[in-house]
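Enquirer: Sharing my_file_28.cif below, mmCIF, C-alpha atoms:
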```
data_entry
#
loop_
_atom_site.group_PDB
_atom_site.id
_atom_site.type_symbol
_atom_site.label_atom_id
_atom_site.label_comp_id
_atom_site.auth_asym_id
_atom_site.auth_seq_id
_atom_site.Cartn_x
_atom_site.Cartn_y
_atom_site.Cartn_z
ATOM 1 C CA MET Z 228 -24.525 5.992 21.534
ATOM 2 C CA THR Z 229 -23.616 9.580 20.676
ATOM 3 C CA VAL Z 230 -23.380 10.807 17.091
ATOM 4 C CA LEU Z 231 -20.113 12.723 16.553
ATOM 5 C CA TYR Z 232 -20.399 13.396 12.805
ATOM 6 C CA GLU Z 233 -22.930 12.677 10.085
ATOM 7 C CA ASP Z 234 -23.438 13.483 6.401
ATOM 8 C CA ASN Z 235 -25.157 11.758 3.461
ATOM 9 C CA HIS Z 236 -22.568 8.997 3.245
ATOM 10 C CA ILE Z 237 -21.103 8.323 6.697
ATOM 11 C CA ILE Z 238 -22.016 8.449 10.368
ATOM 12 C CA ILE Z 239 -19.426 8.442 13.177
ATOM 13 C CA VAL Z 240 -20.504 7.519 16.696
ATOM 14 C CA ASN Z 241 -18.960 7.307 20.159
ATOM 15 C CA LYS Z 242 -19.359 3.724 21.410
ATOM 16 C CA THR Z 243 -19.629 2.903 25.113
ATOM 17 C CA CYS Z 244 -17.676 -0.032 26.564
ATOM 18 C CA SER Z 245 -20.806 -2.174 26.878
ATOM 19 C CA GLU Z 246 -21.861 -2.000 23.221
ATOM 20 C CA ILE Z 247 -20.929 -4.476 20.487
ATOM 21 C CA VAL Z 248 -20.302 -3.179 16.961
ATOM 22 C CA GLN Z 249 -21.736 -6.241 15.174
ATOM 23 C CA GLY Z 250 -24.002 -9.065 16.285
ATOM 24 C CA ASP Z 251 -22.296 -11.964 18.092
ATOM 25 C CA LYS Z 252 -23.196 -15.117 20.003
ATOM 26 C CA THR Z 253 -24.448 -13.089 23.008
ATOM 27 C CA GLY Z 254 -27.491 -12.071 20.973
ATOM 28 C CA ASP Z 255 -27.209 -8.516 22.367
ATOM 29 C CA LYS Z 256 -28.368 -5.749 20.070
ATOM 30 C CA PRO Z 257 -25.333 -4.476 18.133
ATOM 31 C CA LEU Z 258 -24.431 -0.856 17.536
ATOM 32 C CA SER Z 259 -25.058 -1.325 13.795
ATOM 33 C CA GLU Z 260 -28.750 -2.011 14.600
ATOM 34 C CA ILE Z 261 -28.963 0.949 17.003
ATOM 35 C CA VAL Z 262 -27.578 3.213 14.257
ATOM 36 C CA LYS Z 263 -30.099 1.786 11.765
ATOM 37 C CA GLU Z 264 -32.957 2.539 14.157
ATOM 38 C CA TYR Z 265 -31.633 6.059 14.709
ATOM 39 C CA LEU Z 266 -31.444 6.705 10.932
ATOM 40 C CA LYS Z 267 -34.879 5.181 10.299
ATOM 41 C CA GLU Z 268 -36.443 7.408 12.941
ATOM 42 C CA LYS Z 269 -34.507 10.589 12.103
ATOM 43 C CA TYR Z 270 -35.268 10.467 8.378
ATOM 44 C CA ASN Z 271 -38.620 8.712 8.704
ATOM 45 C CA LYS Z 272 -37.453 5.999 6.299
ATOM 46 C CA PRO Z 273 -39.761 3.152 5.318
ATOM 47 C CA GLY Z 274 -38.321 -0.370 4.912
ATOM 48 C CA ASN Z 275 -34.705 -1.337 5.495
ATOM 49 C CA VAL Z 276 -32.029 1.227 6.257
ATOM 50 C CA PHE Z 277 -28.454 0.713 4.997
ATOM 51 C CA CYS Z 278 -25.725 0.779 7.649
ATOM 52 C CA GLY Z 279 -22.381 -0.736 6.668
ATOM 53 C CA VAL Z 280 -19.771 -1.790 9.230
ATOM 54 C CA THR Z 281 -16.342 -0.492 8.155
ATOM 55 C CA HIS Z 282 -14.244 -1.581 11.162
ATOM 56 C CA ARG Z 283 -14.684 -2.944 14.693
ATOM 57 C CA LEU Z 284 -13.774 -2.146 18.259
ATOM 58 C CA ASP Z 285 -13.548 -4.866 20.917
ATOM 59 C CA ARG Z 286 -16.612 -4.846 23.133
ATOM 60 C CA PRO Z 287 -14.871 -3.541 26.307
ATOM 61 C CA VAL Z 288 -13.255 -0.665 24.339
ATOM 62 C CA SER Z 289 -14.963 2.716 23.970
ATOM 63 C CA GLY Z 290 -14.682 5.451 21.367
ATOM 64 C CA ILE Z 291 -14.989 6.208 17.675
ATOM 65 C CA VAL Z 292 -16.731 3.862 15.243
ATOM 66 C CA VAL Z 293 -17.378 4.785 11.590
ATOM 67 C CA PHE Z 294 -20.408 3.394 9.749
ATOM 68 C CA ALA Z 295 -21.269 3.831 6.061
ATOM 69 C CA LYS Z 296 -24.736 5.065 5.095
ATOM 70 C CA THR Z 297 -24.289 4.131 1.412
ATOM 71 C CA SER Z 298 -22.783 1.126 -0.366
ATOM 72 C CA LYS Z 299 -20.453 3.466 -2.292
ATOM 73 C CA ALA Z 300 -19.042 4.850 0.970
ATOM 74 C CA LEU Z 301 -18.767 1.325 2.438
ATOM 75 C CA SER Z 302 -16.660 -0.111 -0.397
ATOM 76 C CA ARG Z 303 -14.409 2.972 -0.461
ATOM 77 C CA LEU Z 304 -13.944 3.060 3.324
ATOM 78 C CA ASN Z 305 -13.147 -0.675 3.351
ATOM 79 C CA GLU Z 306 -10.414 -0.020 0.771
ATOM 80 C CA MET Z 307 -9.101 2.963 2.756
ATOM 81 C CA PHE Z 308 -8.866 0.895 5.954
ATOM 82 C CA LYS Z 309 -7.055 -1.841 4.011
ATOM 83 C CA ARG Z 310 -4.601 0.672 2.560
ATOM 84 C CA LYS Z 311 -4.100 2.290 5.988
ATOM 85 C CA GLU Z 312 -5.337 5.666 4.740
ATOM 86 C CA ILE Z 313 -7.400 6.193 7.888
ATOM 87 C CA LYS Z 314 -5.432 7.367 10.903
ATOM 88 C CA LYS Z 315 -6.835 6.255 14.259
ATOM 89 C CA THR Z 316 -5.396 7.344 17.597
ATOM 90 C CA TYR Z 317 -6.146 5.541 20.849
ATOM 91 C CA TRP Z 318 -5.724 6.572 24.481
ATOM 92 C CA ALA Z 319 -5.047 3.903 27.118
ATOM 93 C CA ILE Z 320 -4.760 4.097 30.890
ATOM 94 C CA VAL Z 321 -2.134 1.593 31.997
ATOM 95 C CA LYS Z 322 -0.498 0.299 35.145
ATOM 96 C CA ASN Z 323 3.278 0.808 35.464
ATOM 97 C CA THR Z 324 5.395 3.248 33.497
ATOM 98 C CA PRO Z 325 6.951 2.088 30.221
ATOM 99 C CA LYS Z 326 10.769 2.113 30.243
ATOM 100 C CA ALA Z 327 10.844 4.795 27.536
ATOM 101 C CA SER Z 328 8.330 7.662 27.512
ATOM 102 C CA GLU Z 329 7.786 7.050 23.802
ATOM 103 C CA GLY Z 330 8.646 4.240 21.470
ATOM 104 C CA THR Z 331 7.642 1.571 18.972
ATOM 105 C CA LEU Z 332 6.525 -1.930 19.946
ATOM 106 C CA THR Z 333 7.169 -4.665 17.385
ATOM 107 C CA TYR Z 334 6.064 -8.204 18.176
ATOM 108 C CA TYR Z 335 4.714 -11.286 16.453
ATOM 109 C CA LEU Z 336 1.167 -12.044 17.592
ATOM 110 C CA VAL Z 337 -0.400 -15.495 17.635
ATOM 111 C CA LYS Z 338 -4.155 -15.644 18.137
ATOM 112 C CA ASN Z 339 -5.602 -18.423 20.279
ATOM 113 C CA GLU Z 340 -9.158 -18.858 18.960
ATOM 114 C CA LYS Z 341 -10.331 -20.960 21.910
ATOM 115 C CA GLN Z 342 -9.291 -18.362 24.476
ATOM 116 C CA ASN Z 343 -10.073 -15.390 22.202
ATOM 117 C CA LYS Z 344 -6.666 -14.057 23.188
ATOM 118 C CA SER Z 345 -3.435 -13.115 21.431
ATOM 119 C CA TYR Z 346 0.104 -13.881 22.574
ATOM 120 C CA ALA Z 347 3.109 -11.692 21.731
ATOM 121 C CA TYR Z 348 6.537 -13.106 20.792
ATOM 122 C CA ASP Z 349 9.849 -11.418 20.011
ATOM 123 C CA THR Z 350 10.480 -13.675 17.024
ATOM 124 C CA GLU Z 351 8.313 -15.102 14.265
ATOM 125 C CA LYS Z 352 6.280 -18.186 15.185
ATOM 126 C CA PRO Z 353 4.015 -20.477 13.112
ATOM 127 C CA ASN Z 354 0.767 -18.584 12.268
ATOM 128 C CA SER Z 355 2.101 -15.372 13.810
ATOM 129 C CA LYS Z 356 1.407 -11.903 12.397
ATOM 130 C CA LEU Z 357 3.734 -8.925 12.652
ATOM 131 C CA ALA Z 358 2.238 -6.246 14.944
ATOM 132 C CA ILE Z 359 3.633 -2.708 15.170
ATOM 133 C CA LEU Z 360 2.403 0.231 17.243
ATOM 134 C CA HIS Z 361 3.832 3.565 18.376
ATOM 135 C CA TYR Z 362 3.120 4.942 21.844
ATOM 136 C CA LYS Z 363 3.783 8.123 23.783
ATOM 137 C CA LEU Z 364 3.312 8.836 27.504
ATOM 138 C CA ILE Z 365 1.081 11.932 27.638
ATOM 139 C CA ALA Z 366 -0.018 12.118 31.301
ATOM 140 C CA ARG Z 367 0.496 10.349 34.612
ATOM 141 C CA SER Z 368 -0.917 10.133 38.106
ATOM 142 C CA GLU Z 369 0.396 8.419 41.223
ATOM 143 C CA LYS Z 370 -0.748 4.968 40.082
ATOM 144 C CA TYR Z 371 -1.562 5.248 36.394
ATOM 145 C CA ASN Z 372 -0.151 6.397 33.076
ATOM 146 C CA LEU Z 373 -2.011 7.679 30.025
ATOM 147 C CA LEU Z 374 -0.557 6.564 26.696
ATOM 148 C CA GLU Z 375 -1.404 7.794 23.209
ATOM 149 C CA ILE Z 376 -1.176 4.998 20.656
ATOM 150 C CA ASP Z 377 -0.940 4.948 16.874
ATOM 151 C CA LEU Z 378 -1.372 1.567 15.228
ATOM 152 C CA GLU Z 379 0.713 0.645 12.218
ATOM 153 C CA THR Z 380 -0.972 -2.762 11.920
ATOM 154 C CA GLY Z 381 -4.427 -3.823 13.064
ATOM 155 C CA ARG Z 382 -4.115 -7.209 14.730
ATOM 156 C CA HIS Z 383 -6.448 -9.051 17.108
ATOM 157 C CA HIS Z 384 -6.258 -7.397 20.579
ATOM 158 C CA GLN Z 385 -3.010 -5.770 19.449
ATOM 159 C CA ILE Z 386 -2.871 -2.796 21.830
ATOM 160 C CA ARG Z 387 -4.006 -4.875 24.807
ATOM 161 C CA CYS Z 388 -1.541 -7.683 24.109
ATOM 162 C CA GLU Z 389 1.518 -5.564 23.281
ATOM 163 C CA LEU Z 390 1.132 -3.225 26.271
ATOM 164 C CA ALA Z 391 0.737 -6.238 28.581
ATOM 165 C CA LYS Z 392 3.907 -7.702 27.042
ATOM 166 C CA ILE Z 393 5.948 -4.666 28.211
ATOM 167 C CA GLY Z 394 4.445 -4.914 31.722
ATOM 168 C CA CYS Z 395 1.861 -2.149 31.255
ATOM 169 C CA PRO Z 396 -1.543 -3.891 31.187
ATOM 170 C CA ILE Z 397 -4.560 -1.690 30.481
ATOM 171 C CA LYS Z 398 -6.638 -0.814 33.542
ATOM 172 C CA GLY Z 399 -9.546 -3.264 33.892
ATOM 173 C CA ASP Z 400 -8.194 -5.762 31.333
ATOM 174 C CA LEU Z 401 -8.308 -9.053 33.264
ATOM 175 C CA LYS Z 402 -7.625 -11.062 30.092
ATOM 176 C CA TYR Z 403 -4.213 -9.426 29.740
ATOM 177 C CA GLY Z 404 -3.027 -9.374 33.317
ATOM 178 C CA TYR Z 405 -4.702 -6.471 35.098
ATOM 179 C CA GLU Z 406 -5.755 -7.659 38.555
ATOM 180 C CA ARG Z 407 -9.330 -6.372 38.753
ATOM 181 C CA SER Z 408 -12.074 -5.297 36.403
ATOM 182 C CA ASN Z 409 -13.429 -1.766 35.993
ATOM 183 C CA PRO Z 410 -16.818 -1.124 37.645
ATOM 184 C CA ASP Z 411 -18.488 -0.731 34.210
ATOM 185 C CA GLY Z 412 -17.026 -4.005 32.902
ATOM 186 C CA GLY Z 413 -15.010 -2.212 30.218
ATOM 187 C CA ILE Z 414 -11.288 -1.602 29.916
ATOM 188 C CA SER Z 415 -9.582 1.804 29.904
ATOM 189 C CA LEU Z 416 -8.867 1.865 26.174
ATOM 190 C CA HIS Z 417 -10.551 4.563 24.092
ATOM 191 C CA ALA Z 418 -10.543 5.189 20.329
ATOM 192 C CA ARG Z 419 -9.944 8.917 20.760
ATOM 193 C CA HIS Z 420 -9.360 10.450 17.328
ATOM 194 C CA ILE Z 421 -9.802 9.675 13.644
ATOM 195 C CA CYS Z 422 -8.575 11.501 10.567
ATOM 196 C CA PHE Z 423 -9.199 10.653 6.894
ATOM 197 C CA VAL Z 424 -10.150 12.082 3.516
ATOM 198 C CA HIS Z 425 -13.904 11.673 2.959
ATOM 199 C CA PRO Z 426 -14.477 8.754 0.539
ATOM 200 C CA VAL Z 427 -16.970 10.746 -1.556
ATOM 201 C CA SER Z 428 -16.590 14.500 -0.976
ATOM 202 C CA LYS Z 429 -12.762 14.279 -0.558
ATOM 203 C CA GLU Z 430 -12.887 16.727 2.365
ATOM 204 C CA LEU Z 431 -10.589 16.134 5.321
ATOM 205 C CA ILE Z 432 -12.609 14.670 8.211
ATOM 206 C CA GLU Z 433 -11.215 14.885 11.738
ATOM 207 C CA VAL Z 434 -13.236 13.724 14.734
ATOM 208 C CA THR Z 435 -12.310 13.507 18.427
ATOM 209 C CA ALA Z 436 -14.444 11.457 20.817
ATOM 210 C CA PRO Z 437 -15.147 12.797 24.314
ATOM 211 C CA LEU Z 438 -13.590 10.708 27.063
ATOM 212 C CA PRO Z 439 -15.619 8.271 29.175
ATOM 213 C CA ASP Z 440 -17.470 9.890 32.075
ATOM 214 C CA ASP Z 441 -15.052 8.816 34.777
ATOM 215 C CA ARG Z 442 -12.928 10.696 37.338
ATOM 216 C CA LEU Z 443 -9.626 9.090 36.347
ATOM 217 C CA TRP Z 444 -10.204 9.649 32.621
ATOM 218 C CA LYS Z 445 -11.078 13.273 33.350
ATOM 219 C CA ALA Z 446 -8.008 13.882 35.514
ATOM 220 C CA LEU Z 447 -5.550 12.252 33.108
ATOM 221 C CA GLY Z 448 -7.293 13.665 30.034
ATOM 222 C CA ASP Z 449 -7.179 17.214 31.433
ATOM 223 C CA ALA Z 450 -3.480 16.787 32.256
ATOM 224 C CA ALA Z 451 -2.761 15.529 28.711
ATOM 225 C CA ILE Z 452 -4.687 18.343 27.049
ATOM 226 C CA LYS Z 453 -2.914 20.975 29.161
ATOM 227 C CA GLY Z 454 0.368 19.282 28.232
#
```
Can the structure in the file be given as structure tokens, please?
Expert:
Amino acid sequence: MTVLYEDNHIIIVNKTCSEIVQGDKTGDKPLSEIVKEYLKEKYNKPGNVFCGVTHRLDRPVSGIVVFAKTSKALSRLNEMFKRKEIKKTYWAIVKNTPKASEGTLTYYLVKNEKQNKSYAYDTEKPNSKLAILHYKLIARSEKYNLLEIDLETGRHHQIRCELAKIGCPIKGDLKYGYERSNPDGGISLHARHICFVHPVSKELIEVTAPLPDDRLWKALGDAAIKG
């Protein structure tokens, strides 16, 4: 865990692909607990430390996660996420080149609880949810493409499922059709940037997460930054 931004009300960290944001059935220590321990130690706090989870990232995904250090910040951030006032940008390394170098994907997603997987359909189905994202091809290599993604809706596995639907599965994502896993067990999807008005101070907060320490990420990331 690397701290990217911190003030009295919020703390923003860069999650690795092996960390979980909140406790689950694996029993592994979640990021929320690691942040609590960090705050307890840093500020020498006795007793319980407050650390509110405002949103989640799938375990195999890396990048920006925002936690609230106060209950006031937590309730306001929760509202802001609900009202889509927080702009998150993702980068994904995918196989195959999308037909258009930029575009909007609109599908209806149905979540299969048993498989912990979502399925994308062109038309509305029972229990489906409308899922919209915008993508742009920002770099490419011989075998891979780097896409920048802005979510309009936040559905279960949305980016993974919709990119697989157009024949561009994310590198390492076995669940959605990529043929082999990444050596670190993660997938090449990274929550790269976040931008929002601070829930308490009302300042504009913009944070960019460094890319995973990996040759392919570095090569494609450098190419994207150079434009």
Enquirer: Just so the selection is clear, what residues does the PyMOL selection byres ((chain Z and resi 349) around 12) cover here, as a list in words?
Expert: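 Expected selection for the PyMOL selection byres ((chain Z and resi 349) around 12) here is Leu332, Thr333, Tyr334, Tyr335, Leu336, Val337, Tyr346, Ala347, Tyr348, Thr350, Glu351, Lys352, Ser355, Lys356, Leu357, Ala358, Ile359, Glu389, Lys392 and Ile393 of chain Z.
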Enquirer: May I have the selected residues written with C-alpha atoms, as a PDB file, keeping the file's coordinate frame?
Expert:
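Listed below is the output, part.pdb:
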```pdb
ATOM      1  CA  LEU Z 332       6.525  -1.930  19.946  1.00  0.00           C
ATOM      2  CA  THR Z 333       7.169  -4.665  17.385  1.00  0.00           C
ATOM      3  CA  TYR Z 334       6.064  -8.204  18.176  1.00  0.00           C
ATOM      4  CA  TYR Z 335       4.714 -11.286  16.453  1.00  0.00           C
ATOM      5  CA  LEU Z 336       1.167 -12.044  17.592  1.00  0.00           C
ATOM      6  CA  VAL Z 337      -0.400 -15.495  17.635  1.00  0.00           C
ATOM      7  CA  TYR Z 346       0.104 -13.881  22.574  1.00  0.00           C
ATOM      8  CA  ALA Z 347       3.109 -11.692  21.731  1.00  0.00           C
ATOM      9  CA  TYR Z 348       6.537 -13.106  20.792  1.00  0.00           C
ATOM     10  CA  THR Z 350      10.480 -13.675  17.024  1.00  0.00           C
ATOM     11  CA  GLU Z 351       8.313 -15.102  14.265  1.00  0.00           C
ATOM     12  CA  LYS Z 352       6.280 -18.186  15.185  1.00  0.00           C
ATOM     13  CA  SER Z 355       2.101 -15.372  13.810  1.00  0.00           C
ATOM     14  CA  LYS Z 356       1.407 -11.903  12.397  1.00  0.00           C
ATOM     15  CA  LEU Z 357       3.734  -8.925  12.652  1.00  0.00           C
ATOM     16  CA  ALA Z 358       2.238  -6.246  14.944  1.00  0.00           C
ATOM     17  CA  ILE Z 359       3.633  -2.708  15.170  1.00  0.00           C
ATOM     18  CA  GLU Z 389       1.518  -5.564  23.281  1.00  0.00           C
ATOM     19  CA  LYS Z 392       3.907  -7.702  27.042  1.00  0.00           C
ATOM     20  CA  ILE Z 393       5.948  -4.666  28.211  1.00  0.00           C
TER      21      ILE Z 393
END
```
Enquirer: Could you spell out the hits of the PyMOL selection byres ((chain Z and resi 374) around 7) on the shown file, as an mmCIF file with C-alpha atoms, in the coordinates of the input?
Expert:
```cif
data_model
loop_
_atom_site.group_PDB
_atom_site.id
_atom_site.type_symbol
_atom_site.label_atom_id
_atom_site.label_comp_id
_atom_site.auth_asym_id
_atom_site.auth_seq_id
_atom_site.Cartn_x
_atom_site.Cartn_y
_atom_site.Cartn_z
ATOM 1 C CA TRP Z 318 -5.724 6.572 24.481
ATOM 2 C CA ALA Z 319 -5.047 3.903 27.118
ATOM 3 C CA ILE Z 320 -4.760 4.097 30.890
ATOM 4 C CA TYR Z 362 3.120 4.942 21.844
ATOM 5 C CA LYS Z 363 3.783 8.123 23.783
ATOM 6 C CA LEU Z 364 3.312 8.836 27.504
ATOM 7 C CA ILE Z 365 1.081 11.932 27.638
ATOM 8 C CA ASN Z 372 -0.151 6.397 33.076
ATOM 9 C CA LEU Z 373 -2.011 7.679 30.025
ATOM 10 C CA GLU Z 375 -1.404 7.794 23.209
ATOM 11 C CA ILE Z 376 -1.176 4.998 20.656
#
```
Enquirer: Which is closest to Gly413 in chain Z among Z:Thr435, Z:Gln249, Z:Gln342, Z:Thr243, if we use all atoms listed in the file?
Expert: Z:Thr243
Enquirer: Could you check which of Z:Glu260, Z:Asp441, Z:Glu430, Z:Glu268 is closest to Asn409 in chain Z, using only C-alpha atoms?
Expert: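 So, comparing all the options, the nearest one is Z:Asp441.
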Enquirer: Can you tell me which residues surround range 401-406 of chain Z at a distance of at most 8 Å, considering all atoms listed in the file, apart from same-chain residues fewer than 6 positions away, and format the answer as a PyMOL selection string?
Expert: chain Z and resi 322+344+387-388+391
Enquirer: Taking the file as shown, what set of residues would the PyMOL selection byres ((chain Z and resi 370) around 10) give back, as a PDB file with C-alpha atoms, in the frame of the given file?
Expert:
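Final output, saved to expr.pdb:
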```pdb
ATOM      1  CA  VAL Z 321      -2.134   1.593  31.997  1.00  0.00           C
ATOM      2  CA  LYS Z 322      -0.498   0.299  35.145  1.00  0.00           C
ATOM      3  CA  ASN Z 323       3.278   0.808  35.464  1.00  0.00           C
ATOM      4  CA  THR Z 324       5.395   3.248  33.497  1.00  0.00           C
ATOM      5  CA  ARG Z 367       0.496  10.349  34.612  1.00  0.00           C
ATOM      6  CA  SER Z 368      -0.917  10.133  38.106  1.00  0.00           C
ATOM      7  CA  GLU Z 369       0.396   8.419  41.223  1.00  0.00           C
ATOM      8  CA  TYR Z 371      -1.562   5.248  36.394  1.00  0.00           C
ATOM      9  CA  ASN Z 372      -0.151   6.397  33.076  1.00  0.00           C
TER      10      ASN Z 372
END
```
Enquirer: Please provide as a list in words all residues within 12 Å of Arg283 in chain Z, with the sequence filter that same-chain residues fewer than 5 positions apart are discarded (counting all atoms listed in the file).
Expert: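 Listed by chain and then number, they are Lys242, Glu246, Ile247, Val248, Gln249, Gly250, Pro257, Leu258, Ser259, Val288, Ser289, Gly290, Ile291, Val292, Val293, Phe294, Asn305, Phe308, Gly381, Arg382, His383, His384 and Ala418 of chain Z.
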Enquirer: Between Z:Ser415, Z:Lys338, Z:Pro287, Z:Val424, which has the minimum distance to Trp444 in chain Z (counting all atoms listed in the file)?
Expert: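 So, comparing all the options, the nearest one is Z:Ser415.
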Enquirer: Of the residues Z:Leu360, Z:Val280, Z:Ile452, Z:Leu231, which is the one nearest to Thr331 in chain Z, using all atoms listed in the file?
Expert: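 For Thr331 in chain Z, the nearest of the given residues is Z:Leu360.
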Enquirer: Do you have the CA of Lys252 in chain Z-CA of Ile237 in chain Z distance handy?
Expert: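 Those two atoms sit 27.0 Å apart.
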Enquirer: Which residues, written as a ChimeraX atom specification, have at least one atom at most 12 Å from Glu233 in chain Z, with all atoms listed in the file counted and residues fewer than 3 positions away on the same chain left out?
Expert: /Z:229-230,236-240,262,265-266,269,292-296,425,432,434
Enquirer: Please list as an MDAnalysis selection string every residue within 9 Å of Lys311 in chain Z, counting all atoms listed in the file and excluding residues in the same chain fewer than 5 positions away.
Expert: chainID Z and resid 306 379:380
